[in-house]
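What follows is run.txt (compact mmCIF, C-alpha atoms).
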# COMPACT_ATOMS: atom_id res chain seq x y z
CA MET K 831 -37.63 4.86 9.55
CA THR K 832 -34.85 2.98 11.27
CA ALA K 833 -32.05 5.52 11.26
CA PHE K 834 -28.60 4.60 12.35
CA SER K 835 -25.64 6.87 12.68
CA ASP K 836 -22.24 5.87 11.36
CA ALA K 837 -21.14 5.09 14.88
CA ASP K 838 -24.18 2.84 15.48
CA LEU K 839 -23.57 0.98 12.26
CA ASP K 840 -19.87 0.50 13.07
CA ARG K 841 -20.76 -0.75 16.54
CA LEU K 842 -23.35 -3.16 15.23
CA ALA K 843 -20.97 -4.29 12.46
CA ASP K 844 -18.24 -4.95 15.04
CA PHE K 845 -20.75 -7.03 17.01
CA VAL K 846 -21.87 -8.99 13.95
CA GLY K 847 -18.27 -9.51 12.81
CA GLY K 848 -17.13 -10.81 16.19
CA ALA K 849 -14.79 -7.91 16.90
CA LEU K 850 -16.48 -7.31 20.26
CA ASP K 851 -16.42 -10.93 21.41
CA GLY K 852 -15.55 -11.20 25.08
CA THR K 853 -15.84 -7.48 25.75
CA PRO K 854 -18.42 -5.68 27.91
CA GLU K 855 -19.46 -3.75 24.80
CA ALA K 856 -20.68 -6.97 23.23
CA ASP K 857 -23.05 -7.41 26.17
CA ASP K 858 -24.35 -3.85 25.66
CA VAL K 859 -25.05 -4.46 21.97
CA ARG K 860 -26.60 -7.86 22.73
CA ARG K 861 -28.91 -6.20 25.24
CA LEU K 862 -29.90 -3.52 22.71
CA VAL K 863 -30.60 -6.12 20.04
CA SER K 864 -32.78 -8.15 22.39
CA THR K 865 -34.71 -5.24 23.90
CA ASP K 866 -34.88 -2.52 21.25
CA THR K 867 -36.95 -3.13 18.13
CA VAL K 868 -34.88 -0.74 16.06
CA TRP K 869 -31.65 -2.52 16.98
CA ALA K 870 -33.26 -5.92 16.50
CA GLU K 871 -34.38 -5.03 12.96
CA ALA K 872 -31.03 -3.48 12.19
CA TYR K 873 -29.24 -6.59 13.42
CA ALA K 874 -31.38 -8.90 11.29
CA SER K 875 -30.89 -6.72 8.21
CA LEU K 876 -27.16 -6.43 8.69
CA VAL K 877 -26.64 -10.17 9.21
CA THR K 878 -28.43 -10.89 5.93
CA ALA K 879 -26.64 -8.10 4.06
CA GLU K 880 -23.26 -9.09 5.48
CA ALA K 881 -23.69 -12.64 4.19
CA ALA K 882 -24.52 -11.29 0.73
CA VAL K 883 -21.41 -9.08 0.78
CA ARG K 884 -19.23 -12.01 1.81
CA ASP K 885 -20.63 -13.99 -1.11
CA GLU K 886 -19.86 -11.20 -3.57
CA LEU K 887 -16.33 -10.76 -2.26
CA GLY K 888 -15.79 -14.51 -2.33
CA ALA K 889 -16.96 -14.61 -5.94
CA LEU K 890 -14.50 -11.85 -6.77
CA GLY K 891 -11.72 -13.90 -5.21
CA ALA K 892 -12.73 -16.95 -7.22
CA GLU K 893 -11.86 -15.11 -10.45
CA ALA K 894 -8.32 -16.17 -11.31
CA LEU K 895 -5.97 -13.25 -11.82
CA VAL K 896 -2.75 -13.82 -13.69
CA VAL K 897 0.01 -11.25 -14.04
CA PRO K 898 -0.42 -9.74 -17.53
CA PRO K 899 2.50 -10.43 -19.92
CA ASP K 900 3.57 -6.77 -20.10
CA VAL K 901 3.68 -6.47 -16.32
CA GLN K 902 5.55 -9.77 -16.13
CA GLU K 903 8.17 -8.51 -18.58
CA ARG K 904 8.51 -5.31 -16.66
CA LEU K 905 9.05 -7.15 -13.37
CA GLU K 906 11.59 -9.47 -14.91
CA ALA K 907 13.50 -6.54 -16.41
CA ALA K 908 13.49 -4.68 -13.09
CA LEU K 909 14.75 -7.72 -11.20
CA ALA K 910 17.38 -8.46 -13.84
CA ALA K 911 18.62 -4.89 -13.52
CA ALA K 912 18.68 -5.28 -9.74
CA VAL K 913 20.87 -8.39 -10.04
CA THR K 914 23.54 -6.43 -11.91
CA ALA K 915 23.18 -3.22 -9.89
CA PRO K 916 25.59 -2.51 -7.04
CA PRO K 917 24.30 -3.68 -3.67
CA ALA K 918 22.08 -1.28 -1.78
CA ASP K 919 24.59 -1.07 1.06
CA ALA K 920 27.46 -0.07 -1.20
CA PRO K 921 29.03 3.21 -0.09
CA VAL K 922 27.56 6.13 -1.94
CA VAL K 923 29.79 9.11 -2.51
CA ASP K 924 28.02 12.42 -2.35
CA LEU K 925 29.98 14.27 -5.00
CA ALA K 926 28.87 17.73 -3.91
CA ARG K 927 29.84 17.06 -0.32
CA ALA K 928 33.16 15.53 -1.34
CA ARG K 929 33.90 18.58 -3.49
CA GLU K 930 33.07 20.89 -0.59
CA ALA K 931 35.31 18.88 1.76
CA ARG K 932 38.18 19.09 -0.73
CA ARG K 933 37.65 22.82 -1.02
CA ARG K 934 37.78 23.20 2.78
CA ARG K 935 40.91 21.12 3.04
CA ARG K 936 42.61 23.21 0.37
CA PRO K 937 44.47 26.06 2.07
CA THR K 938 43.20 29.52 1.20
CA ARG K 939 45.65 32.13 -0.07
CA SER K 940 45.62 34.19 3.11
CA ARG K 941 46.67 31.18 5.18
CA VAL K 942 49.54 30.27 2.90
CA PRO K 943 52.83 31.85 3.87
CA ALA K 944 53.95 34.45 1.39
CA ALA K 945 57.11 32.50 0.65
CA THR K 946 55.16 29.48 -0.58
CA ARG K 947 52.40 31.44 -2.31
CA PRO K 948 52.68 31.16 -6.10
CA SER K 949 53.52 34.46 -7.62
CA ALA K 950 50.57 36.13 -9.25
CA PRO K 951 51.02 37.61 -12.67
CA THR K 952 51.55 41.30 -12.43
CA CYS K 953 51.50 44.14 -14.88
CA ARG K 954 54.52 46.03 -15.83
CA PRO K 955 54.74 49.42 -14.14
CA ARG K 956 52.69 52.01 -15.99
CA CYS K 957 51.17 49.36 -18.23
CA PRO K 958 49.02 51.22 -20.78
CA THR K 959 46.35 48.51 -21.10
CA PRO K 960 45.36 46.47 -18.05
CA CYS K 961 46.26 42.84 -18.55
CA ALA K 962 43.97 39.88 -17.61
CA ALA K 963 45.53 39.55 -14.17
CA SER K 964 44.77 43.18 -13.39
CA ALA K 965 41.24 42.92 -14.75
CA SER K 966 40.38 39.91 -12.58
CA ARG K 967 41.74 41.57 -9.45
CA PRO K 968 38.98 42.88 -7.19
CA PRO K 969 38.71 46.66 -6.94
CA GLY K 970 40.97 48.11 -4.27
CA ALA K 971 43.07 44.95 -4.01
CA PRO K 972 46.83 45.48 -3.97
CA ALA K 973 48.59 44.72 -7.24
CA MET W 1323 26.48 -25.08 -6.25
CA ASP W 1324 23.12 -26.58 -7.09
CA ALA W 1325 21.92 -23.28 -8.58
CA ALA W 1326 23.76 -24.28 -11.74
CA GLU W 1327 21.92 -27.56 -12.05
CA PRO W 1328 18.84 -27.52 -14.26
CA GLY W 1329 15.64 -27.87 -12.25
CA ALA W 1330 17.43 -27.45 -8.95
CA HIS W 1331 15.15 -24.58 -7.93
CA GLU W 1332 12.04 -26.70 -8.29
CA VAL W 1333 12.98 -28.89 -5.37
CA ARG W 1334 14.05 -26.10 -3.05
CA ASP W 1335 11.54 -24.47 -0.74
CA ASP W 1336 11.04 -20.72 -0.60
CA THR W 1337 13.21 -20.24 2.46
CA SER W 1338 16.13 -22.08 0.88
CA LEU W 1339 15.72 -20.03 -2.26
CA LEU W 1340 15.68 -16.78 -0.33
CA ARG W 1341 18.83 -17.79 1.55
CA ALA W 1342 20.44 -18.74 -1.75
CA HIS W 1343 19.52 -15.33 -3.14
CA ALA W 1344 21.02 -13.62 -0.10
CA ALA W 1345 24.16 -15.71 -0.65
CA GLY W 1346 24.44 -14.50 -4.22
CA ASP W 1347 22.48 -16.97 -6.36
CA PRO W 1348 21.33 -14.74 -9.24
CA ASN W 1349 18.36 -16.94 -10.17
CA ALA W 1350 16.88 -17.80 -6.79
CA PHE W 1351 14.79 -14.69 -6.26
CA ALA W 1352 13.28 -14.88 -9.74
CA GLU W 1353 12.11 -18.40 -8.93
CA ILE W 1354 10.38 -17.18 -5.75
CA VAL W 1355 8.69 -14.45 -7.76
CA ARG W 1356 7.55 -16.95 -10.39
CA ARG W 1357 5.91 -19.04 -7.68
CA HIS W 1358 3.97 -16.26 -6.02
CA ARG W 1359 3.54 -13.45 -8.54
CA ASP W 1360 -0.07 -14.20 -9.49
CA ARG W 1361 -1.35 -14.07 -5.92
CA LEU W 1362 0.76 -11.00 -5.19
CA TRP W 1363 -0.60 -9.37 -8.33
CA ALA W 1364 -4.17 -10.19 -7.29
CA VAL W 1365 -3.65 -8.59 -3.89
CA ALA W 1366 -2.06 -5.48 -5.41
CA LEU W 1367 -4.70 -5.08 -8.12
CA ARG W 1368 -7.65 -5.62 -5.80
CA THR W 1369 -6.24 -3.36 -3.13
CA LEU W 1370 -5.36 -0.51 -5.49
CA GLY W 1371 -8.07 -1.03 -8.11
CA ASP W 1372 -5.82 0.35 -10.84
CA ARG W 1373 -3.67 -1.72 -13.17
CA GLU W 1374 -0.78 0.74 -13.51
CA GLU W 1375 -0.68 1.53 -9.82
CA ALA W 1376 -0.76 -2.17 -9.03
CA ALA W 1377 2.13 -2.82 -11.43
CA ASP W 1378 4.16 0.01 -9.86
CA ALA W 1379 3.41 -1.20 -6.34
CA LEU W 1380 4.30 -4.79 -7.16
CA GLN W 1381 7.57 -3.73 -8.79
CA ASP W 1382 8.49 -1.50 -5.84
CA ALA W 1383 7.63 -4.27 -3.41
CA LEU W 1384 9.58 -6.98 -5.23
CA LEU W 1385 12.65 -4.78 -5.56
CA SER W 1386 12.37 -3.94 -1.88
CA ALA W 1387 12.14 -7.64 -1.01
CA PHE W 1388 15.04 -8.39 -3.35
CA ARG W 1389 17.25 -5.94 -1.46
CA ALA W 1390 15.97 -6.83 2.01
CA ALA W 1391 16.41 -10.60 1.74
CA ASN W 1392 19.18 -10.46 4.36
CA ASN W 1393 16.64 -9.11 6.84
CA PHE W 1394 14.32 -12.10 6.48
CA ARG W 1395 14.47 -13.83 9.85
CA GLY W 1396 12.33 -16.83 8.99
CA ASP W 1397 9.66 -16.04 11.61
CA SER W 1398 7.00 -16.43 8.93
CA ALA W 1399 6.73 -18.09 5.56
CA VAL W 1400 8.45 -16.34 2.67
CA THR W 1401 5.08 -15.90 0.97
CA THR W 1402 3.70 -14.16 4.08
CA TRP W 1403 6.74 -11.90 4.15
CA LEU W 1404 6.30 -11.07 0.45
CA HIS W 1405 2.57 -10.42 0.83
CA ARG W 1406 3.29 -8.11 3.72
CA ILE W 1407 5.73 -6.09 1.65
CA VAL W 1408 3.27 -5.90 -1.24
CA VAL W 1409 0.34 -4.87 0.97
CA ASN W 1410 2.45 -2.19 2.62
CA ALA W 1411 3.57 -0.90 -0.77
CA CYS W 1412 -0.08 -0.66 -1.80
CA LEU W 1413 -1.09 1.13 1.39
CA ASP W 1414 1.82 3.54 1.02
CA ARG W 1415 0.63 4.37 -2.49
CA ILE W 1416 -2.94 4.87 -1.33
CA ARG W 1417 -1.79 7.18 1.45
CA ARG W 1418 0.46 9.10 -0.92
CA ARG W 1419 -2.28 9.78 -3.40
CA GLN W 1420 -4.53 10.77 -0.48
CA ALA W 1421 -7.07 8.19 -1.60
CA ARG W 1422 -10.54 8.98 -2.70
CA PRO W 1423 -12.83 10.26 0.03
CA THR W 1424 -14.98 7.70 1.76
CA VAL W 1425 -18.70 7.83 1.17
CA PRO W 1426 -20.29 9.52 4.17
CA LEU W 1427 -23.10 7.59 5.78
CA PRO W 1428 -24.48 10.13 8.25
CA GLU W 1429 -27.82 8.45 8.80
CA THR W 1430 -28.02 4.92 7.52
CA ASP W 1431 -31.35 3.21 7.28
CA VAL W 1432 -30.51 -0.32 8.28
CA THR W 1433 -33.31 -2.12 6.49
CA PRO W 1434 -33.07 -4.35 3.43
CA ALA W 1435 -32.95 -2.33 0.24
CA PRO W 1436 -35.73 -2.75 -2.33
CA VAL W 1437 -34.84 -4.60 -5.50
CA ASN W 1438 -34.70 -1.47 -7.69
CA ASP W 1439 -32.01 0.01 -5.38
CA ARG W 1440 -29.86 -3.00 -6.17
CA ASP W 1441 -30.18 -2.33 -9.88
CA THR W 1442 -28.25 0.92 -9.44
CA ALA W 1443 -25.78 -0.46 -6.92
CA MET W 1444 -22.06 -0.28 -7.54
CA ASP W 1445 -20.02 -3.13 -8.85
CA VAL W 1446 -18.18 -4.81 -5.99
CA ARG W 1447 -14.79 -3.75 -7.42
CA GLN W 1448 -15.83 -0.11 -7.56
CA ALA W 1449 -17.37 -0.29 -4.10
CA LEU W 1450 -14.16 -1.70 -2.63
CA GLN W 1451 -12.26 1.34 -3.91
CA VAL W 1452 -14.53 3.66 -1.97
CA LEU W 1453 -13.68 2.08 1.39
CA PRO W 1454 -10.95 3.46 3.63
CA ALA W 1455 -7.63 1.85 2.69
CA GLU W 1456 -7.26 -0.18 5.87
CA GLN W 1457 -10.76 -1.67 5.60
CA ARG W 1458 -10.18 -2.42 1.92
CA ALA W 1459 -6.85 -4.14 2.54
CA ALA W 1460 -8.35 -6.28 5.32
CA LEU W 1461 -11.32 -7.29 3.18
CA VAL W 1462 -9.16 -8.08 0.15
CA LEU W 1463 -6.98 -10.36 2.25
CA VAL W 1464 -9.72 -12.10 4.24
CA ASP W 1465 -12.87 -12.18 2.11
CA VAL W 1466 -11.36 -12.00 -1.39
CA GLN W 1467 -8.03 -13.80 -1.11
CA GLY W 1468 -9.16 -16.19 1.61
CA TYR W 1469 -6.55 -15.53 4.28
CA SER W 1470 -7.55 -16.26 7.86
CA VAL W 1471 -8.00 -13.37 10.25
CA ALA W 1472 -4.82 -14.44 12.04
CA GLU W 1473 -2.82 -14.45 8.78
CA ALA W 1474 -4.19 -11.07 7.75
CA ALA W 1475 -3.25 -9.70 11.17
CA VAL W 1476 0.34 -10.82 10.60
CA LEU W 1477 0.38 -9.41 7.08
CA LEU W 1478 -0.93 -6.03 8.14
CA GLY W 1479 0.94 -5.95 11.43
CA VAL W 1480 -2.13 -5.36 13.60
CA ALA W 1481 -4.13 -7.31 16.20
CA GLU W 1482 -6.68 -9.92 15.10
CA GLY W 1483 -9.47 -7.87 16.70
CA THR W 1484 -8.48 -4.94 14.50
CA ILE W 1485 -8.77 -7.12 11.40
CA LYS W 1486 -12.20 -8.36 12.53
CA SER W 1487 -13.36 -4.80 13.08
CA ARG W 1488 -11.98 -3.51 9.77
CA CYS W 1489 -13.63 -6.39 7.91
CA ALA W 1490 -16.95 -6.02 9.73
CA ARG W 1491 -17.15 -2.27 9.20
CA GLY W 1492 -16.01 -2.60 5.62
CA ARG W 1493 -18.70 -5.21 4.91
CA ALA W 1494 -21.37 -3.00 6.47
CA ARG W 1495 -20.34 -0.11 4.22
CA LEU W 1496 -20.19 -2.36 1.20
CA ALA W 1497 -23.69 -3.60 2.06
CA VAL W 1498 -24.95 -0.04 1.65
CA LEU W 1499 -22.87 0.66 -1.46
CA LEU W 1500 -23.91 -2.61 -3.09
CA GLY W 1501 -27.57 -2.02 -2.33
CA HIS W 1502 -28.06 -4.73 0.27
CA LEU W 1503 -28.95 -2.12 2.86
CA ARG W 1504 -31.01 0.96 2.08
CA ASN W 1505 -29.05 4.15 1.66
CA PRO W 1506 -31.20 7.16 2.58
CA ALA W 1507 -29.20 9.32 0.18
CA ALA W 1508 -31.08 7.58 -2.64
CA ASP W 1509 -34.37 8.88 -1.20
CA ALA W 1510 -33.03 12.42 -1.51
CA SER W 1511 -32.21 12.03 -5.21
CA PRO W 1512 -33.75 14.55 -7.67
CA ALA W 1513 -36.02 11.84 -9.12
CA ALA W 1514 -37.36 10.96 -5.70
CA ARG W 1515 -37.98 14.64 -4.91
CA LYS W 1516 -39.86 15.11 -8.21
CA GLU W 1517 -42.09 12.16 -7.46
CA GLY W 1518 -42.78 13.63 -4.04
CA GLY W 1519 -43.97 16.87 -5.67
CA ALA W 1520 -41.28 19.04 -4.13

Show me this structure written as structure tokens.
Amino acid sequence: MTAFSDADLDRLADFVGGALDGTPEADDVRRLVSTDTVWAEAYASLVTAEAAVRDELGALGAEALVVPPDVQERLEAALAAAVTAPPADAPVVDLARAREARRRRRPTRSRVPAATRPSAPTCRPRCPTPCAASASRPPGAPA
Amino acid sequence: MDAAEPGAHEVRDDTSLLRAHAAGDPNAFAEIVRRHRDRLWAVALRTLGDREEAADALQDALLSAFRAANNFRGDSAVTTWLHRIVVNACLDRIRRRQARPTVPLPETDVTPAPVNDRDTAMDVRQALQVLPAEQRAALVLVDVQGYSVAEAAVLLGVAEGTIKSRCARGRARLAVLLGHLRNPAADASPAARKEGGA
């Protein structure tokens, strides 16, 4: 049995397909084909088989393929939408990032001078039921 | 602007149309697509082997070309540029889905296959889908669609020698898959073992 490894077949295929033309490797394969019976048989078989494969692929290419109507409609709709869409290089605002930037720019309470700080609602002294302002105040925070 | 004149697009070449599109003509790109869509579809369908995937790839590619028209430098024909975008979209899809594994050919008997082997051989479309993506794309362009090796090299962005090698190796594998060369795996089939008395 004429057994060829994957690597042998690839090498022989490269030789048959002209990928080794002008390289020293082409001379090596040529020498093997002319001196080794196994390689000679493999070469003859591959040349014949390769021609048959080319014919089959060529026949496949001869079959006319037309874009099916549903695909055509889909492409037209996608392109029509692209015509009316904003250009790809239009500035895109990252809303989350913009919100975060606004939050950072906004002065925090501790940085605001007491004089300009809005007065927080406070309970009356000895208020019997804590009001909403007292309830939302963190534990231990001054009233 | 001649874009408003009926039939004006028919006399403009692809490059003029693409420039018109980049300049804001809303109908120019559609005309380019109309001219080339069947060949682009054939490349996508034969490379991907799946109708829905091919439709997705073609849509992605055309939208990408639509938006990238300003980047077209005119080094190649518009059709070459479009084919390149479509082929790359197909290859991206194949890579993303991790493709189907290639058929291993550990020990290939390189002798002509007997006639009954050919009866069970794969259809050429199925066999193409078993090849590695790069070999498949090269074969679809050169042997199926009829591009020259040089054109396929431009489309795939590789050297001509690489295209020759991918085509040659792909054909050799197809020869086994299509039954033109004997595949020793067939000898190890259960039926063959039964006949051998194992």

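Computed from the coordinates, the CA of Leu1339 in chain W to CA of Ala1364 in chain W distance equals 22.8 Å.
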
Residues of chain W within 9 Å of chain K, counting all atoms listed in the file, as number ranges by chain: W: 1348-1349, 1351-1352, 1359-1364, 1374, 1377, 1380-1381, 1384-1385, 1388-1389, 1426-1434, 1446-1447, 1461-1462, 1465-1468, 1482-1498, 1500-1503, 1506

Find the distance between CA of Leu1413 in chain W and CA of Val1400 in chain W and write it in Å to one decimal.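 Value for the CA of Leu1413 in chain W-CA of Val1400 in chain W distance: 19.9 Å.
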
What does the distance from CA of Val859 in chain K to CA of Arg1504 in chain W come to in Å, to one decimal?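 Distance reported for this atom pair: 21.5 Å.
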
Minimum-distance residue to Leu1404 in chain W, chosen among W:Val1333, W:Ala1345, W:Ile1416, W:Leu1478 (using all atoms listed in the file): W:Leu1478

May I have the residues within 12 Å of Trp1403 in chain W as JSON, numbers by chain, using all atoms listed in the file and disregarding those fewer than 2 positions away in the same chain? {"W": [1336, 1337, 1340, 1354, 1358, 1362, 1383, 1384, 1386, 1387, 1388, 1390, 1391, 1393, 1394, 1395, 1396, 1397, 1398, 1399, 1400, 1401, 1405, 1406, 1407, 1408, 1409, 1410, 1473, 1474, 1476, 1477, 1478, 1479]}

Between W:Ala1475, W:Leu1499, W:Ala1455, W:Leu1450, which is the closest to Arg1418 in chain W once you count only C-alpha atoms?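 For Arg1418 in chain W, the nearest of the candidates is W:Ala1455.
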